[in-house]
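Structure file start_12.cif; described as mmCIF, C-alpha atoms.
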data_data
#
loop_
_atom_site.label_atom_id
_atom_site.label_comp_id
_atom_site.auth_asym_id
_atom_site.auth_seq_id
_atom_site.Cartn_x
_atom_site.Cartn_y
_atom_site.Cartn_z
CA MET A 1 93.95 38.23 -53.51
CA ASN A 2 93.78 38.47 -57.30
CA ASN A 3 97.40 38.97 -58.21
CA ILE A 4 99.32 35.88 -59.20
CA ALA A 5 101.99 36.25 -56.54
CA GLU A 6 103.81 33.11 -55.58
CA VAL A 7 102.43 31.51 -52.43
CA VAL A 8 105.11 30.44 -49.98
CA LYS A 9 103.75 27.86 -47.57
CA VAL A 10 104.68 27.61 -43.94
CA GLY A 11 104.14 24.19 -42.35
CA ILE A 12 103.49 23.36 -38.72
CA ALA A 13 106.50 24.09 -36.51
CA ASP A 14 108.24 25.73 -39.43
CA LEU A 15 109.08 29.17 -40.77
CA ASN A 16 109.64 30.86 -44.11
CA ILE A 17 110.69 34.21 -45.51
CA VAL A 18 109.79 36.16 -48.65
CA LYS A 19 112.02 38.91 -49.94
CA ARG A 20 110.32 40.49 -52.93
CA GLU A 21 107.31 39.00 -54.62
CA GLY A 22 105.18 36.39 -52.96
CA VAL A 23 102.74 35.88 -50.14
CA LEU A 24 103.22 33.84 -46.99
CA ARG A 25 100.55 31.36 -46.05
CA THR A 26 99.90 28.86 -43.30
CA SER A 27 96.82 26.64 -43.09
CA GLY A 28 94.75 25.29 -40.24
CA LEU A 29 95.92 27.22 -37.20
CA GLY A 30 94.09 25.89 -34.16
CA SER A 31 95.77 26.38 -30.83
CA CYS A 32 98.93 27.10 -32.80
CA VAL A 33 99.90 30.72 -33.42
CA GLY A 34 101.05 32.25 -36.69
CA VAL A 35 103.51 35.13 -36.20
CA VAL A 36 104.31 37.49 -39.07
CA LEU A 37 107.25 39.87 -38.85
CA TYR A 38 107.69 42.46 -41.59
CA GLU A 39 109.48 45.66 -42.35
CA PRO A 40 107.04 48.17 -43.86
CA ASN A 41 107.76 49.29 -47.46
CA SER A 42 110.58 46.81 -47.83
CA LYS A 43 108.61 43.71 -48.86
CA PHE A 44 110.61 41.81 -46.30
CA ALA A 45 108.52 39.40 -44.31
CA GLY A 46 108.76 36.18 -42.41
CA MET A 47 106.18 33.88 -40.87
CA VAL A 48 106.43 31.16 -38.26
CA HIS A 49 103.80 28.60 -37.18
CA ILE A 50 104.43 27.70 -33.55
CA MET A 51 102.80 24.84 -31.64
CA LEU A 52 103.94 25.18 -28.03
CA PRO A 53 104.73 28.13 -25.74
CA ASP A 54 108.11 27.26 -24.31
CA SER A 55 111.10 25.18 -25.37
CA SER A 56 111.46 23.94 -21.79
CA LEU A 57 108.37 21.76 -22.49
CA GLY A 58 110.42 19.73 -24.94
CA LYS A 59 111.39 16.34 -23.60
CA GLN A 60 113.54 15.42 -26.56
CA GLY A 61 117.29 15.72 -26.55
CA VAL A 62 117.40 17.84 -29.68
CA ILE A 63 114.50 20.24 -30.06
CA ASN A 64 113.07 21.78 -33.18
CA PRO A 65 113.39 25.53 -32.38
CA ARG A 66 110.56 26.36 -34.79
CA LYS A 67 108.05 24.48 -32.67
CA TYR A 68 108.22 26.74 -29.60
CA ALA A 69 107.23 30.41 -29.24
CA ASP A 70 110.42 31.52 -27.50
CA THR A 71 112.95 29.88 -29.82
CA ALA A 72 110.94 30.37 -33.03
CA VAL A 73 110.55 34.14 -32.60
CA ASP A 74 114.29 34.43 -31.88
CA GLU A 75 115.13 32.46 -34.99
CA LEU A 76 112.79 34.47 -37.20
CA VAL A 77 114.17 37.79 -35.95
CA ASN A 78 117.75 36.62 -36.48
CA LEU A 79 117.02 35.36 -39.98
CA LEU A 80 115.33 38.59 -41.05
CA VAL A 81 118.24 40.62 -39.71
CA GLN A 82 120.67 38.34 -41.53
CA TYR A 83 118.80 39.02 -44.75
CA GLY A 84 119.19 42.73 -44.20
CA ALA A 85 116.06 43.79 -42.33
CA ARG A 86 116.47 46.43 -39.63
CA LYS A 87 115.29 45.07 -36.30
CA SER A 88 114.12 48.46 -35.04
CA ARG A 89 111.74 48.75 -38.01
CA LEU A 90 110.16 45.32 -37.66
CA ARG A 91 106.45 45.03 -36.94
CA ALA A 92 104.40 42.00 -35.97
CA LYS A 93 100.94 40.65 -36.74
CA ILE A 94 99.72 37.54 -35.01
CA ALA A 95 96.76 35.16 -35.36
CA GLY A 96 95.63 31.85 -33.88
CA GLY A 97 95.71 30.54 -30.34
CA ALA A 98 92.15 29.24 -30.35
CA GLN A 99 90.73 26.69 -27.97
CA MET A 100 89.42 23.94 -30.24
CA PHE A 101 88.07 21.60 -27.55
CA GLN A 102 85.72 22.67 -24.80
CA PHE A 103 86.95 20.74 -21.80
CA SER A 104 85.14 21.13 -18.54
CA LYS A 105 88.15 20.18 -16.48
CA ALA A 106 91.01 22.63 -16.44
CA ASN A 107 93.92 20.98 -18.16
CA ASP A 108 97.04 22.95 -18.95
CA MET A 109 97.71 21.22 -22.24
CA MET A 110 94.21 21.86 -23.49
CA ARG A 111 94.47 25.59 -22.73
CA ILE A 112 97.55 25.73 -24.87
CA GLY A 113 96.09 28.35 -27.26
CA PRO A 114 96.03 31.26 -24.79
CA ARG A 115 99.40 30.17 -23.40
CA ASN A 116 100.90 30.25 -26.88
CA VAL A 117 99.59 33.77 -27.46
CA LYS A 118 100.96 34.98 -24.14
CA ALA A 119 104.39 33.47 -24.83
CA VAL A 120 104.56 35.04 -28.30
CA LYS A 121 103.64 38.48 -26.93
CA LYS A 122 106.22 38.20 -24.17
CA LYS A 123 108.93 37.31 -26.64
CA LEU A 124 108.00 40.11 -29.07
CA CYS A 125 108.05 42.54 -26.16
CA GLN A 126 111.57 41.40 -25.27
CA HIS A 127 112.65 42.12 -28.84
CA LYS A 128 110.80 45.48 -28.68
CA ILE A 129 108.78 44.58 -31.77
CA PRO A 130 105.32 46.23 -31.73
CA ILE A 131 102.23 44.16 -32.55
CA TYR A 132 100.28 46.13 -35.16
CA SER A 133 97.25 43.89 -35.22
CA GLU A 134 96.09 40.55 -33.93
CA ASP A 135 93.24 38.07 -34.22
CA VAL A 136 93.72 35.58 -31.41
CA GLY A 137 91.71 33.31 -29.12
CA GLY A 138 88.18 32.15 -29.78
CA THR A 139 87.20 28.63 -30.78
CA ASN A 140 87.78 28.72 -34.55
CA GLY A 141 90.51 27.42 -36.79
CA ARG A 142 92.21 29.97 -39.06
CA THR A 143 94.14 30.00 -42.31
CA ILE A 144 96.27 33.10 -42.74
CA GLU A 145 97.94 34.74 -45.70
CA PHE A 146 100.30 37.71 -45.48
CA HIS A 147 100.83 40.12 -48.36
CA PRO A 148 104.14 41.94 -47.85
CA ASP A 149 103.36 44.58 -50.52
CA THR A 150 100.31 45.86 -48.64
CA GLY A 151 101.19 44.67 -45.14
CA GLN A 152 97.77 43.02 -44.92
CA LEU A 153 97.10 39.76 -43.13
CA HIS A 154 94.12 37.90 -44.60
CA ILE A 155 92.37 35.50 -42.25
CA ARG A 156 89.95 32.80 -43.36
CA THR A 157 87.76 30.77 -41.02
CA VAL A 158 85.21 28.04 -41.64
CA ASN A 159 82.39 29.54 -39.61
CA LYS A 160 83.06 33.25 -39.56
CA GLY A 161 84.17 34.06 -43.07
CA GLU A 162 87.16 36.17 -44.04
CA SER A 163 88.73 39.22 -42.51
CA VAL A 164 91.77 41.40 -43.07
CA ILE A 165 93.87 42.81 -40.28
CA MET B 1 110.82 6.74 -25.05
CA ASN B 2 109.96 8.19 -28.41
CA PHE B 3 109.21 6.94 -31.88
CA SER B 4 112.88 6.82 -32.82
CA ASP B 5 112.94 3.16 -31.89
CA GLU B 6 111.80 2.52 -35.45
CA PHE B 7 109.14 -0.06 -36.01
CA SER B 8 109.97 -2.93 -38.28
CA PRO B 9 107.61 -3.70 -41.17
CA PHE B 10 106.48 -6.67 -39.10
CA HIS B 11 105.46 -4.40 -36.22
CA LEU B 12 103.53 -2.14 -38.57
CA ASP B 13 101.75 -5.20 -39.95
CA VAL B 14 100.74 -6.26 -36.45
CA LEU B 15 99.39 -2.76 -35.72
CA LYS B 16 97.55 -2.89 -39.03
CA GLU B 17 95.92 -6.13 -37.98
CA ILE B 18 94.87 -4.61 -34.65
CA ALA B 19 93.27 -1.75 -36.62
CA ASN B 20 91.61 -4.26 -38.92
CA ILE B 21 89.97 -6.08 -36.04
CA GLY B 22 88.95 -2.86 -34.28
CA ALA B 23 87.47 -1.33 -37.40
CA GLY B 24 85.76 -4.61 -38.27
CA HIS B 25 83.80 -4.46 -35.03
CA ALA B 26 83.08 -0.78 -35.58
CA ALA B 27 81.79 -1.59 -39.07
CA THR B 28 79.40 -4.15 -37.59
CA SER B 29 78.07 -1.57 -35.12
CA LEU B 30 77.64 1.07 -37.80
CA SER B 31 75.95 -1.48 -40.02
CA LYS B 32 73.40 -2.25 -37.30
CA LEU B 33 72.86 1.43 -36.65
CA LEU B 34 72.24 2.30 -40.30
CA ASP B 35 70.68 -1.04 -41.17
CA ASN B 36 72.88 -1.32 -44.24
CA LYS B 37 76.02 -3.05 -45.42
CA ILE B 38 79.32 -1.39 -44.47
CA ASP B 39 82.61 -2.10 -46.19
CA MET B 40 85.98 -1.27 -44.76
CA CYS B 41 89.23 -0.36 -46.45
CA VAL B 42 92.61 -1.87 -45.69
CA PRO B 43 94.08 0.07 -42.78
CA SER B 44 97.22 2.10 -43.25
CA VAL B 45 99.82 2.54 -40.53
CA LYS B 46 102.36 5.26 -40.86
CA LEU B 47 104.90 7.15 -38.81
CA ALA B 48 104.23 10.64 -40.11
CA GLY B 49 105.50 14.17 -39.54
CA PHE B 50 102.83 16.63 -38.31
CA ASN B 51 102.35 18.18 -41.74
CA GLU B 52 101.89 14.74 -43.20
CA VAL B 53 99.28 13.89 -40.56
CA MET B 54 97.19 16.83 -41.87
CA GLU B 55 97.58 15.58 -45.44
CA LEU B 56 96.38 12.13 -44.36
CA ALA B 57 93.25 13.76 -42.93
CA GLY B 58 92.51 15.37 -46.29
CA GLY B 59 94.54 18.58 -45.99
CA ALA B 60 95.02 21.14 -43.21
CA GLU B 61 92.36 23.48 -44.56
CA THR B 62 89.67 20.91 -45.35
CA GLU B 63 86.53 21.32 -43.28
CA VAL B 64 85.69 18.17 -41.36
CA VAL B 65 83.37 16.96 -38.64
CA SER B 66 85.50 15.30 -36.00
CA VAL B 67 84.51 13.34 -32.91
CA MET B 68 87.59 13.05 -30.74
CA PHE B 69 88.26 10.86 -27.72
CA ARG B 70 91.14 10.89 -25.32
CA LEU B 71 92.13 7.33 -24.38
CA GLU B 72 93.25 6.76 -20.82
CA GLY B 73 94.58 3.64 -19.14
CA ASP B 74 97.33 1.24 -20.16
CA ALA B 75 97.76 2.58 -23.67
CA PRO B 76 96.87 6.28 -23.76
CA GLY B 77 96.38 8.09 -27.03
CA LEU B 78 93.89 9.90 -29.21
CA MET B 79 91.13 8.53 -31.37
CA PHE B 80 89.21 10.49 -34.01
CA PHE B 81 86.22 9.54 -36.08
CA ILE B 82 86.16 11.95 -39.01
CA LEU B 83 83.38 12.61 -41.53
CA SER B 84 82.92 15.19 -44.23
CA PRO B 85 80.25 17.83 -43.39
CA GLN B 86 78.02 16.45 -46.16
CA GLN B 87 78.20 12.96 -44.72
CA ALA B 88 77.62 14.14 -41.18
CA ASP B 89 74.56 15.94 -42.55
CA GLN B 90 73.36 12.74 -44.24
CA PHE B 91 73.84 10.81 -41.04
CA VAL B 92 71.92 13.29 -38.87
CA THR B 93 69.12 13.47 -41.41
CA ARG B 94 68.79 9.70 -41.38
CA MET B 95 69.00 9.37 -37.61
CA THR B 96 66.63 12.16 -36.71
CA GLY B 97 64.39 12.21 -39.75
CA ARG B 98 64.80 15.96 -40.07
CA LYS B 99 65.84 17.72 -43.23
CA SER B 100 68.59 20.14 -44.22
CA TYR B 101 70.64 19.94 -41.10
CA GLY B 102 73.45 21.22 -43.32
CA GLN B 103 72.46 24.84 -42.97
CA ASN B 104 72.49 24.49 -39.21
CA LEU B 105 75.70 22.54 -39.04
CA ASN B 106 77.62 25.43 -37.58
CA GLY B 107 74.67 26.96 -35.83
CA ARG B 108 74.70 24.83 -32.70
CA ASP B 109 72.02 22.31 -33.54
CA GLU B 110 71.85 20.36 -30.31
CA ILE B 111 70.06 17.25 -31.51
CA GLY B 112 72.30 16.95 -34.54
CA GLU B 113 75.43 17.42 -32.46
CA SER B 114 74.23 14.90 -29.95
CA ALA B 115 73.56 12.35 -32.71
CA LEU B 116 77.09 12.82 -34.04
CA ARG B 117 78.64 12.41 -30.60
CA GLU B 118 76.65 9.24 -30.14
CA LEU B 119 77.79 7.96 -33.53
CA GLY B 120 81.37 8.53 -32.36
CA ASN B 121 80.68 6.76 -29.08
CA ILE B 122 79.25 3.70 -30.80
CA VAL B 123 81.88 3.18 -33.49
CA VAL B 124 84.92 4.17 -31.43
CA GLY B 125 83.59 2.19 -28.47
CA SER B 126 83.35 -1.01 -30.51
CA TYR B 127 86.75 -0.39 -32.10
CA LEU B 128 88.38 -0.07 -28.69
CA SER B 129 86.60 -2.90 -26.95
CA ALA B 130 87.76 -5.20 -29.76
CA LEU B 131 91.28 -3.85 -29.38
CA SER B 132 91.12 -4.30 -25.64
CA ASP B 133 89.79 -7.89 -25.90
CA LEU B 134 92.56 -8.80 -28.30
CA THR B 135 95.49 -7.28 -26.45
CA HIS B 136 94.22 -7.44 -22.84
CA VAL B 137 95.27 -3.81 -22.59
CA GLU B 138 92.76 -1.74 -20.66
CA VAL B 139 91.74 1.57 -22.16
CA GLN B 140 88.99 3.95 -21.10
CA LEU B 141 87.36 6.49 -23.36
CA SER B 142 86.85 10.12 -22.48
CA VAL B 143 83.56 11.80 -23.35
CA PRO B 144 83.34 12.65 -27.07
CA PHE B 145 84.51 16.09 -28.23
CA LEU B 146 82.71 17.23 -31.34
CA THR B 147 84.45 19.85 -33.47
CA ILE B 148 83.49 21.14 -36.90
CA ASP B 149 86.41 23.03 -38.37
CA MET B 150 89.58 22.76 -40.47
CA ALA B 151 91.26 19.35 -40.14
CA GLY B 152 94.61 21.00 -39.45
CA ALA B 153 93.25 23.17 -36.66
CA ILE B 154 91.64 20.19 -34.94
CA LEU B 155 94.48 17.70 -35.29
CA SER B 156 97.31 20.10 -34.49
CA SER B 157 95.54 21.23 -31.32
CA ALA B 158 95.03 17.64 -30.21
CA LEU B 159 98.65 16.81 -30.96
CA VAL B 160 100.18 19.34 -28.55
CA GLU B 161 100.81 16.79 -25.86
CA LEU B 162 102.51 14.41 -28.26
CA ALA B 163 104.48 17.33 -29.70
CA CYS B 164 106.35 17.77 -26.41
CA ASP B 165 107.91 14.34 -26.97
CA SER B 166 108.18 14.01 -30.68
CA ASP B 167 107.99 15.61 -34.11
CA ARG B 168 106.13 12.66 -35.52
CA ALA B 169 102.99 10.68 -34.80
CA LEU B 170 102.07 7.10 -35.45
CA VAL B 171 98.87 7.25 -37.50
CA ILE B 172 96.67 4.17 -37.74
CA GLU B 173 93.98 4.97 -40.26
CA THR B 174 90.95 2.97 -41.39
CA SER B 175 87.93 3.99 -43.43
CA LEU B 176 84.41 2.65 -43.37
CA VAL B 177 82.25 2.92 -46.48
CA GLU B 178 78.55 2.29 -46.65
CA THR B 179 77.46 0.43 -49.76
CA GLY B 180 74.87 2.31 -51.74
CA PRO B 181 74.59 5.30 -54.06
CA ALA B 182 77.64 7.53 -53.69
CA ASN B 183 75.65 10.67 -52.91
CA SER B 184 73.75 9.22 -49.98
CA SER B 185 76.15 6.74 -48.42
CA ILE B 186 78.08 7.49 -45.25
CA ASP B 187 81.85 7.14 -45.12
CA GLY B 188 83.91 7.76 -42.06
CA CYS B 189 87.53 7.51 -41.17
CA PHE B 190 89.25 6.42 -37.96
CA PHE B 191 92.44 8.13 -36.90
CA PHE B 192 94.12 6.33 -34.03
CA LEU B 193 97.17 8.17 -32.68
CA PRO B 194 98.73 6.22 -29.81
CA ASP B 195 101.01 8.16 -27.46
CA ALA B 196 104.73 7.53 -27.89
CA ASP B 197 104.84 4.60 -25.46
CA SER B 198 101.47 3.07 -26.25
CA SER B 199 102.25 1.35 -29.53
CA ALA B 200 105.09 -0.50 -27.81
CA ILE B 201 102.66 -1.54 -25.05
CA LEU B 202 100.22 -2.89 -27.64
CA LEU B 203 102.98 -4.81 -29.41
CA LYS B 204 104.32 -6.15 -26.13
CA SER B 205 100.90 -7.39 -25.08
CA LEU B 206 100.80 -9.50 -28.23
CA GLY B 207 104.27 -10.81 -27.52
CA VAL B 208 105.87 -9.39 -30.65
CA LEU B 209 107.80 -6.38 -29.37
CA GLY B 210 111.22 -8.08 -29.55
CA SER B 211 110.54 -9.80 -32.87
CA ARG B 212 111.51 -8.27 -36.17
#
Rendering of file as structure tokens:
Amino acid sequence: MNNIAEVVKVGIADLNIVKREGVLRTSGLGSCVGVVLYEPNSKFAGMVHIMLPDSSLGKQGVINPRKYADTAVDELVNLLVQYGARKSRLRAKIAGGAQMFQFSKANDMMRIGPRNVKAVKKKLCQHKIPIYSEDVGGTNGRTIEFHPDTGQLHIRTVNKGESVI
Amino acid sequence: MNFSDEFSPFHLDVLKEIANIGAGHAATSLSKLLDNKIDMCVPSVKLAGFNEVMELAGGAETEVVSVMFRLEGDAPGLMFFILSPQQADQFVTRMTGRKSYGQNLNGRDEIGESALRELGNIVVGSYLSALSDLTHVEVQLSVPFLTIDMAGAILSSALVELACDSDRALVIETSLVETGPANSSIDGCFFFLPDADSSAILLKSLGVLGSR
């Protein structure tokens, strides 16, 4: 992480794309899932930070498509294709989906991490995009940074140090 | 309902006053517990986007010690008491008389964790009983959930339920500061996030919902 590439931040329930130089970064993933889609050797990459598994959970009239796994993955794929990426060459790396609170009672909303991961995988499968690596589940928060030039996803945690997938 | 029924500045002032009274009682409890003087800062009330909520908590990536409660009853919501790891360490050291808890902070130190949960129980309990006395709104506290991790990871995971209804949260924030040398005093911060309907219920109970 020594090069002075521009860091493009991705907020909660948001997405971003880098085309040439730059790294994608999202901070403090808990039960949320960070999905990176990239085309190898093209420096094309996009990242989305989703909060909830399915847009049918939304009770608002107008939903933010970047908040839900199903709609956010669709939007990211479409955007990358619009920018000239070839869908058949896209690969995915995903991280997050932790369970931050240890509840004794089973409560659907509090098991949202695993549900988010499942929803993301289902959607990627529909798009026929292979998942090259993943770091999901557990009980730790994660900050992730994707380097399109190397295709590496750097993951930082508070308790378990750093890793690269 | 959602937060789109914007609050008037008057409503925000009333919520600020509720926070003031709640935190005032919490400060008294903490003061008794630590046997020292506790000051409190002027509360801030803000309707914030999720990314802004993380900024208010010190940044998504900042490591914090958080004691979270789920509020049930007439005005459901979430309540956090947040400390920095250094201050949580100070607190545990003073409560238990043991040294260098810091190294064990993430290593499942049961007595330390228990002390922090109890701290949360005491301060959040007094905050809410004051709020309940004032508004005659009944709220019950869940057991405390202690989490030591990035602020963003903790808050965003707790916000999932609210996120189904809204893209914003009403954040009622108050800090407590112990008087004394900066390196050994204990500061904590309350984050009260009422569910979408609850702030209206609190305002209604005080008879000011219709007023501007």
Chain A residues near chain B (6 Å cut-off, only C-alpha atoms) as an NGL selection string: :A and (27-31 or 57-60 or 141)
Residues near Leu15 of chain B, cut-off 12 Å, all atoms listed in the file, skip fewer than 4 positions along chain, as a PyMOL selection string: chain B and resi 7-11+19-22+43-47+131+134-135+170-174+192-194+198-206+208-209
Would you put the residues from that selection into a file with C-alpha atoms, as a short mmCIF file (atom, residue, chain, number, x, y, z; two decimals), in the frame of the given file?
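Final file, out11.cif:
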data_model
loop_
_atom_site.label_atom_id
_atom_site.label_comp_id
_atom_site.auth_asym_id
_atom_site.auth_seq_id
_atom_site.Cartn_x
_atom_site.Cartn_y
_atom_site.Cartn_z
CA PHE B 7 109.14 -0.06 -36.01
CA SER B 8 109.97 -2.93 -38.28
CA PRO B 9 107.61 -3.70 -41.17
CA PHE B 10 106.48 -6.67 -39.10
CA HIS B 11 105.46 -4.40 -36.22
CA ALA B 19 93.27 -1.75 -36.62
CA ASN B 20 91.61 -4.26 -38.92
CA ILE B 21 89.97 -6.08 -36.04
CA GLY B 22 88.95 -2.86 -34.28
CA PRO B 43 94.08 0.07 -42.78
CA SER B 44 97.22 2.10 -43.25
CA VAL B 45 99.82 2.54 -40.53
CA LYS B 46 102.36 5.26 -40.86
CA LEU B 47 104.90 7.15 -38.81
CA LEU B 131 91.28 -3.85 -29.38
CA LEU B 134 92.56 -8.80 -28.30
CA THR B 135 95.49 -7.28 -26.45
CA LEU B 170 102.07 7.10 -35.45
CA VAL B 171 98.87 7.25 -37.50
CA ILE B 172 96.67 4.17 -37.74
CA GLU B 173 93.98 4.97 -40.26
CA THR B 174 90.95 2.97 -41.39
CA PHE B 192 94.12 6.33 -34.03
CA LEU B 193 97.17 8.17 -32.68
CA PRO B 194 98.73 6.22 -29.81
CA SER B 198 101.47 3.07 -26.25
CA SER B 199 102.25 1.35 -29.53
CA ALA B 200 105.09 -0.50 -27.81
CA ILE B 201 102.66 -1.54 -25.05
CA LEU B 202 100.22 -2.89 -27.64
CA LEU B 203 102.98 -4.81 -29.41
CA LYS B 204 104.32 -6.15 -26.13
CA SER B 205 100.90 -7.39 -25.08
CA LEU B 206 100.80 -9.50 -28.23
CA VAL B 208 105.87 -9.39 -30.65
CA LEU B 209 107.80 -6.38 -29.37
#
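If all atoms listed in the file are the atoms counted, then among B:Arg168, B:Arg70, B:Arg98, B:His25 the closest residue to Phe101 of chain A is B:Arg70.
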Selection dump of the PyMOL selection byres ((chain B and resi 29-37) around 9), as a PyMOL selection string: chain B and resi 24-28+38-39+91+94-95+119+122-123+126+176-180
Resolved residues for the PyMOL selection byres ((chain B and resi 84) around 8) as a ChimeraX atom specification: /B:63-65,82-83,85-88,188
Between atom CA of Val164 of chain A and atom CA of Lys43 of chain A - distance in Å to one decimal: 18.0 Å
Between atom CA of Gly77 of chain B and atom CA of Gly207 of chain B, distance in Å (one decimal):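 Atom CA of Gly207 of chain B lies 20.5 Å from atom CA of Gly77 of chain B.
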Hits from the PyMOL selection byres ((chain B and resi 142) around 12), listed as number ranges by chain: A: 103-105; B: 67-73, 76-80, 117, 120-121, 124-125, 139-141, 143-145
Contact residues around Thr139 of chain A with all atoms listed in the file at 8 Å, ignoring same-chain residues under 3 positions, as number ranges by chain: A: 98-101
As lines of an AutoDock Vina configuration file, please: the centre and edge lengths in Å, to one decimal, of an axis-aligned box enclosing every listed atom of segment 50-58 of chain A with 3 Å added on each side.
center_x = 107.1
center_y = 23.9
center_z = -27.7
size_x = 14.7
size_y = 14.4
size_z = 17.8
From A:Glu21, A:Glu6, A:Asp70, A:Glu39, residue lying nearest Gly151 of chain A [only C-alpha atoms]: A:Glu39
Who sits within 10 Å of Asp14 of chain A, all atoms listed in the file, same chain under 4 positions skipped, as a PDB file with C-alpha atoms, keeping the file's coordinate frame:
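And here's result.pdb as it stands now:
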ATOM      1  CA  LYS A   9     103.750  27.860 -47.570  1.00  0.00           C
ATOM      2  CA  VAL A  10     104.680  27.610 -43.940  1.00  0.00           C
ATOM      3  CA  THR A  26      99.900  28.860 -43.300  1.00  0.00           C
ATOM      4  CA  MET A  47     106.180  33.880 -40.870  1.00  0.00           C
ATOM      5  CA  VAL A  48     106.430  31.160 -38.260  1.00  0.00           C
ATOM      6  CA  HIS A  49     103.800  28.600 -37.180  1.00  0.00           C
ATOM      7  CA  ILE A  50     104.430  27.700 -33.550  1.00  0.00           C
ATOM      8  CA  MET A  51     102.800  24.840 -31.640  1.00  0.00           C
ATOM      9  CA  ASN A  64     113.070  21.780 -33.180  1.00  0.00           C
ATOM     10  CA  PRO A  65     113.390  25.530 -32.380  1.00  0.00           C
ATOM     11  CA  ARG A  66     110.560  26.360 -34.790  1.00  0.00           C
ATOM     12  CA  LYS A  67     108.050  24.480 -32.670  1.00  0.00           C
ATOM     13  CA  TYR A  68     108.220  26.740 -29.600  1.00  0.00           C
ATOM     14  CA  ALA A  72     110.940  30.370 -33.030  1.00  0.00           C
TER      15      ALA A  72
ATOM     16  CA  ASN B  51     102.350  18.180 -41.740  1.00  0.00           C
TER      17      ASN B  51
END
